[in-house]
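Read through the structure below, which is laid out as structure tokens, and then see the notes.
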Amino acid sequence: KPRAMSDFEVRKTIRDFGNAARTAQKAGYDGVEVMGGEGYLINQFLCPHTNDRTDKWGGSTENRQRFLLEVIDSIRARVSSDYPVILRQSIADFVAGGQTGDEITQLARAAEAHGVDAINTDIGWHEAKVPTIVTSVPRAAFVKFTERLREEVSIPLIASNRINTPEVAEEVLERGQVDAVSMARPLLADSQFMAKAAEGRADEIEVSTSICSASRLKSSTTLKVRKRRPQASASAMKSADQVWLARTGTSSGSRMRSGNRRLPRRGRFSFRAV
């Protein structure tokens, strides 16, 4: 049965985030990304939808944001000053009792003040009824949510969600409101995505269907892709692994709830400076 984390468990988990980041740096990772969206633990503290605590970790906006900001402080205290720390921030929860727009911008400013080097924007909870990744959603549909933070922070902004072709990525960057784009599924769908884009062979790219794991699906589209490229998933993972950053607190196979933790593994989203 679910229960609220004790104050001791909250503080221990904050330390765990910091220790995981230190481990990632010692292991040779280029940086860490803190997962603050999609309904995972940090997002649960941020939202009244799930945070009904009456202590210093719940209630007011300041209290609900305290956990994340102390996580950032914990990480910064344990890694070198020049070590990149990215926040994956939810910029729209799409659930009843989610964060307000003012709270989101306030959090972005606070995260920068606490030492975050970049914000990689996230959209919607997994439980949200608003579709965010399916093919019926227009490409780059949520970039405007990211662009709203441009006047609020001076650190780099990274746009995500439904950006799965080089052309769309270029269009987003040319608008000048974000500094980079992140991709995951496109690199899984085609391990040669970056090479083809750089060589002017974008028309040869296998476009992502925006489905998390093709190996778990039985749709005719997925079966055709797997039959034509039976080794795509394995080779994509190997290629993408070369550019992905470590994730702190969660990964595609590790979700953190009620104080459980795992050391960071090479995770779901990529960040590549261009």
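Letters A, B, ... go to the chains of the structure tokens in the order shown; residues in each chain start at 1; ligands are counted from 1 in the same order.
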Do you know which residues are at most 12 Å from Leu173 of chain A counting only C-alpha atoms, after dropping those on the same chain fewer than 5 positions away, and could you put them as JSON, numbers by chain?
-> {"A": [140, 143, 146, 147, 157, 158, 159, 160, 163, 166, 167, 168, 178, 179, 180, 181, 182, 274]}
Could you save the residues just selected, with all heavy atoms, as a compact mmCIF listing (two decimals), in the first residue's frame?
# COMPACT_ATOMS: atom_id res chain seq x y z
N ALA A 140 6.71 18.62 -33.50
CA ALA A 140 7.16 19.82 -32.78
C ALA A 140 5.98 20.60 -32.20
O ALA A 140 6.07 21.81 -32.01
CB ALA A 140 8.01 20.72 -33.67
N VAL A 143 6.77 22.77 -28.91
CA VAL A 143 7.96 23.61 -28.82
C VAL A 143 7.62 24.99 -28.26
O VAL A 143 8.43 25.60 -27.54
CB VAL A 143 8.64 23.73 -30.19
CG1 VAL A 143 9.74 24.78 -30.16
CG2 VAL A 143 9.22 22.39 -30.62
N THR A 146 8.20 25.38 -24.68
CA THR A 146 9.62 25.60 -24.34
C THR A 146 10.01 27.05 -24.59
O THR A 146 10.69 27.68 -23.77
CB THR A 146 10.52 24.67 -25.17
OG1 THR A 146 10.10 23.32 -25.00
CG2 THR A 146 11.97 24.82 -24.76
N GLU A 147 9.56 27.59 -25.70
CA GLU A 147 9.94 28.94 -26.08
C GLU A 147 9.45 29.99 -25.08
O GLU A 147 10.03 31.06 -24.95
CB GLU A 147 9.40 29.25 -27.48
CG GLU A 147 10.06 28.43 -28.57
CD GLU A 147 9.45 28.64 -29.94
OE1 GLU A 147 8.28 29.09 -30.01
OE2 GLU A 147 10.14 28.36 -30.94
N LEU A 157 18.11 26.17 -23.54
CA LEU A 157 16.84 25.45 -23.53
C LEU A 157 16.86 24.38 -24.60
O LEU A 157 17.30 24.63 -25.73
CB LEU A 157 15.67 26.41 -23.79
CG LEU A 157 15.35 27.43 -22.69
CD1 LEU A 157 14.26 28.39 -23.18
CD2 LEU A 157 14.90 26.74 -21.41
N ILE A 158 16.40 23.20 -24.25
CA ILE A 158 16.39 22.07 -25.17
C ILE A 158 14.94 21.65 -25.40
O ILE A 158 14.20 21.39 -24.45
CB ILE A 158 17.18 20.89 -24.59
CG1 ILE A 158 18.58 21.35 -24.17
CG2 ILE A 158 17.27 19.75 -25.59
CD1 ILE A 158 19.34 20.34 -23.34
N ALA A 159 14.52 21.61 -26.65
CA ALA A 159 13.15 21.24 -26.99
C ALA A 159 13.06 19.74 -27.28
O ALA A 159 13.98 19.15 -27.83
CB ALA A 159 12.66 22.02 -28.20
N SER A 160 11.94 19.14 -26.90
CA SER A 160 11.73 17.70 -27.10
C SER A 160 10.31 17.43 -27.56
O SER A 160 9.50 18.34 -27.66
CB SER A 160 11.99 16.95 -25.78
OG SER A 160 13.28 17.19 -25.29
N ILE A 163 9.89 15.61 -32.33
CA ILE A 163 10.91 16.16 -33.22
C ILE A 163 11.68 14.96 -33.74
O ILE A 163 12.59 14.46 -33.08
CB ILE A 163 11.84 17.14 -32.48
CG1 ILE A 163 11.04 18.28 -31.87
CG2 ILE A 163 12.91 17.68 -33.42
CD1 ILE A 163 11.85 19.20 -30.98
N PRO A 166 15.33 15.56 -39.40
CA PRO A 166 16.29 16.67 -39.42
C PRO A 166 15.63 17.99 -39.82
O PRO A 166 15.98 19.04 -39.29
CB PRO A 166 17.32 16.23 -40.47
CG PRO A 166 17.23 14.74 -40.50
CD PRO A 166 15.78 14.43 -40.27
N GLU A 167 14.68 17.90 -40.75
CA GLU A 167 14.01 19.12 -41.21
C GLU A 167 13.25 19.81 -40.08
O GLU A 167 13.32 21.04 -39.92
CB GLU A 167 13.05 18.79 -42.35
CG GLU A 167 13.72 18.30 -43.62
CD GLU A 167 14.07 16.82 -43.57
OE1 GLU A 167 13.68 16.14 -42.59
OE2 GLU A 167 14.74 16.34 -44.51
N VAL A 168 12.53 19.03 -39.28
CA VAL A 168 11.78 19.60 -38.16
C VAL A 168 12.74 20.18 -37.14
O VAL A 168 12.52 21.28 -36.60
CB VAL A 168 10.89 18.53 -37.52
CG1 VAL A 168 10.26 19.07 -36.23
CG2 VAL A 168 9.80 18.08 -38.48
N VAL A 178 15.15 28.30 -28.94
CA VAL A 178 15.74 27.20 -28.18
C VAL A 178 17.15 26.97 -28.71
O VAL A 178 17.49 27.35 -29.83
CB VAL A 178 14.90 25.91 -28.28
CG1 VAL A 178 13.48 26.15 -27.80
CG2 VAL A 178 14.90 25.36 -29.70
N ASP A 179 17.96 26.33 -27.88
CA ASP A 179 19.38 26.17 -28.21
C ASP A 179 19.73 24.80 -28.75
O ASP A 179 20.80 24.62 -29.35
CB ASP A 179 20.21 26.46 -26.96
CG ASP A 179 19.92 27.84 -26.41
OD1 ASP A 179 20.46 28.81 -26.96
OD2 ASP A 179 19.15 27.95 -25.42
N ALA A 180 18.88 23.83 -28.53
CA ALA A 180 19.15 22.46 -28.98
C ALA A 180 17.86 21.68 -28.98
O ALA A 180 16.83 22.13 -28.45
CB ALA A 180 20.19 21.78 -28.06
N VAL A 181 17.88 20.52 -29.61
CA VAL A 181 16.74 19.61 -29.56
C VAL A 181 17.25 18.26 -29.05
O VAL A 181 18.43 17.93 -29.23
CB VAL A 181 16.06 19.42 -30.93
CG1 VAL A 181 15.54 20.75 -31.44
CG2 VAL A 181 17.03 18.81 -31.94
N SER A 182 16.39 17.52 -28.40
CA SER A 182 16.77 16.18 -27.94
C SER A 182 15.89 15.15 -28.62
O SER A 182 14.72 15.41 -28.91
CB SER A 182 16.65 16.06 -26.42
OG SER A 182 15.30 16.09 -26.00
N VAL A 274 25.69 21.09 -31.07
CA VAL A 274 25.96 21.28 -32.49
C VAL A 274 26.29 22.74 -32.76
O VAL A 274 26.00 23.59 -31.97
CB VAL A 274 24.74 20.86 -33.34
CG1 VAL A 274 24.52 19.37 -33.25
CG2 VAL A 274 23.49 21.61 -32.92
Test item, strand (DSSP E) assignment across segment 37-214 of chain A, answer as an NGL selection string | :A and (85-90 or 118-122 or 157-159 or 180-181)
What lies within 10 Å of Asn164 of chain A using only C-alpha atoms, ignoring chain neighbours under 4 positions off, as a ChimeraX atom specification?
-> /A:139-140,160,168-169,181-187,189,193,205-210
Taking the DSSP assignment computed from this structure's backbone, write out as JSON, numbers by chain all residues of segment 3-205 of chain A that belong to alpha helix (DSSP H).
-> {"A": [7, 8, 9, 10, 11, 12, 13, 14, 15, 16, 17, 18, 19, 20, 21, 22, 23, 24, 25, 26, 27, 41, 42, 43, 44, 45, 46, 61, 62, 63, 64, 65, 66, 67, 68, 69, 70, 71, 72, 73, 74, 75, 76, 77, 78, 101, 102, 103, 104, 105, 106, 107, 108, 109, 110, 111, 112, 113, 143, 144, 145, 146, 147, 166, 167, 168, 169, 170, 171, 172, 173, 174, 185, 186, 187, 188, 189, 193, 194, 195, 196, 197, 198]}
What separation in Å, quoted to one decimal, exists between atom CA of Phe8 of chain A and atom CA of Val32 of chain A?
->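 These atoms are spaced 24.7 Å apart.
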Near Asp7 of chain A, within 12 Å and counting only C-alpha atoms, which residues show up once chain neighbours fewer than 5 positions away are dropped, as a PyMOL selection string?
-> chain A and resi 12-14+53-58+67+258-259
Take the residues that were just selected and, keeping N, CA, C and O atoms, output them as a PDB file, in the first residue's frame.
ATOM      1  N   LYS A  12      17.182  11.319   2.635  1.00  0.00           N
ATOM      2  CA  LYS A  12      18.074  10.272   2.149  1.00  0.00           C
ATOM      3  C   LYS A  12      18.027  10.193   0.632  1.00  0.00           C
ATOM      4  O   LYS A  12      19.057  10.017  -0.035  1.00  0.00           O
ATOM      5  N   THR A  13      16.836  10.328   0.067  1.00  0.00           N
ATOM      6  CA  THR A  13      16.694  10.278  -1.386  1.00  0.00           C
ATOM      7  C   THR A  13      17.396  11.461  -2.040  1.00  0.00           C
ATOM      8  O   THR A  13      18.018  11.313  -3.106  1.00  0.00           O
ATOM      9  N   ILE A  14      17.326  12.621  -1.414  1.00  0.00           N
ATOM     10  CA  ILE A  14      18.046  13.787  -1.932  1.00  0.00           C
ATOM     11  C   ILE A  14      19.548  13.503  -1.968  1.00  0.00           C
ATOM     12  O   ILE A  14      20.223  13.791  -2.959  1.00  0.00           O
ATOM     13  N   ARG A  53       0.985  16.595   1.040  1.00  0.00           N
ATOM     14  CA  ARG A  53       1.704  16.663   2.303  1.00  0.00           C
ATOM     15  C   ARG A  53       1.395  17.968   3.021  1.00  0.00           C
ATOM     16  O   ARG A  53       1.072  18.993   2.394  1.00  0.00           O
ATOM     17  N   THR A  54       1.527  17.950   4.352  1.00  0.00           N
ATOM     18  CA  THR A  54       1.269  19.141   5.157  1.00  0.00           C
ATOM     19  C   THR A  54       2.536  19.618   5.861  1.00  0.00           C
ATOM     20  O   THR A  54       2.470  20.534   6.683  1.00  0.00           O
ATOM     21  N   ASP A  55       3.679  19.004   5.524  1.00  0.00           N
ATOM     22  CA  ASP A  55       4.936  19.419   6.135  1.00  0.00           C
ATOM     23  C   ASP A  55       5.690  20.351   5.198  1.00  0.00           C
ATOM     24  O   ASP A  55       5.113  20.904   4.255  1.00  0.00           O
ATOM     25  N   LYS A  56       6.989  20.507   5.398  1.00  0.00           N
ATOM     26  CA  LYS A  56       7.786  21.442   4.604  1.00  0.00           C
ATOM     27  C   LYS A  56       7.965  20.994   3.162  1.00  0.00           C
ATOM     28  O   LYS A  56       8.474  21.750   2.329  1.00  0.00           O
ATOM     29  N   TRP A  57       7.547  19.776   2.824  1.00  0.00           N
ATOM     30  CA  TRP A  57       7.693  19.241   1.477  1.00  0.00           C
ATOM     31  C   TRP A  57       6.392  19.320   0.669  1.00  0.00           C
ATOM     32  O   TRP A  57       6.321  18.811  -0.448  1.00  0.00           O
ATOM     33  N   GLY A  58       5.382  19.953   1.208  1.00  0.00           N
ATOM     34  CA  GLY A  58       4.107  20.037   0.500  1.00  0.00           C
ATOM     35  C   GLY A  58       3.342  21.291   0.862  1.00  0.00           C
ATOM     36  O   GLY A  58       3.729  22.051   1.757  1.00  0.00           O
ATOM     37  N   PHE A  67      11.918  19.959  -2.789  1.00  0.00           N
ATOM     38  CA  PHE A  67      12.589  18.678  -3.018  1.00  0.00           C
ATOM     39  C   PHE A  67      13.518  18.756  -4.223  1.00  0.00           C
ATOM     40  O   PHE A  67      14.696  18.399  -4.145  1.00  0.00           O
ATOM     41  N   SER A 258       8.749   6.544  -3.931  1.00  0.00           N
ATOM     42  CA  SER A 258       8.714   6.267  -2.490  1.00  0.00           C
ATOM     43  C   SER A 258      10.075   5.922  -1.914  1.00  0.00           C
ATOM     44  O   SER A 258      10.192   5.072  -1.033  1.00  0.00           O
ATOM     45  N   GLY A 259      11.127   6.540  -2.429  1.00  0.00           N
ATOM     46  CA  GLY A 259      12.435   6.393  -1.828  1.00  0.00           C
ATOM     47  C   GLY A 259      13.302   5.318  -2.438  1.00  0.00           C
ATOM     48  O   GLY A 259      14.447   5.156  -2.049  1.00  0.00           O
TER      49      GLY A 259
END
Could you pull the residues within 10 Å of Ala110 of chain A, counting only C-alpha atoms, minus those fewer than 6 positions along the same chain, as a ChimeraX atom specification?
-> /A:65,68-69,104,116,153
Closest to Pro48 of chain A among A:Glu103, A:Glu199, A:Asp117, A:Asp190, using only C-alpha atoms?
->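 Of all the options, A:Glu103 lies closest to Pro48 of chain A.
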So how many Å separate atom CA of Phe142 of chain A and atom CA of His126 of chain A, to one decimal?
->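 Taking atom CA of Phe142 of chain A as the start and atom CA of His126 of chain A as the end point, the length is 15.6 Å.
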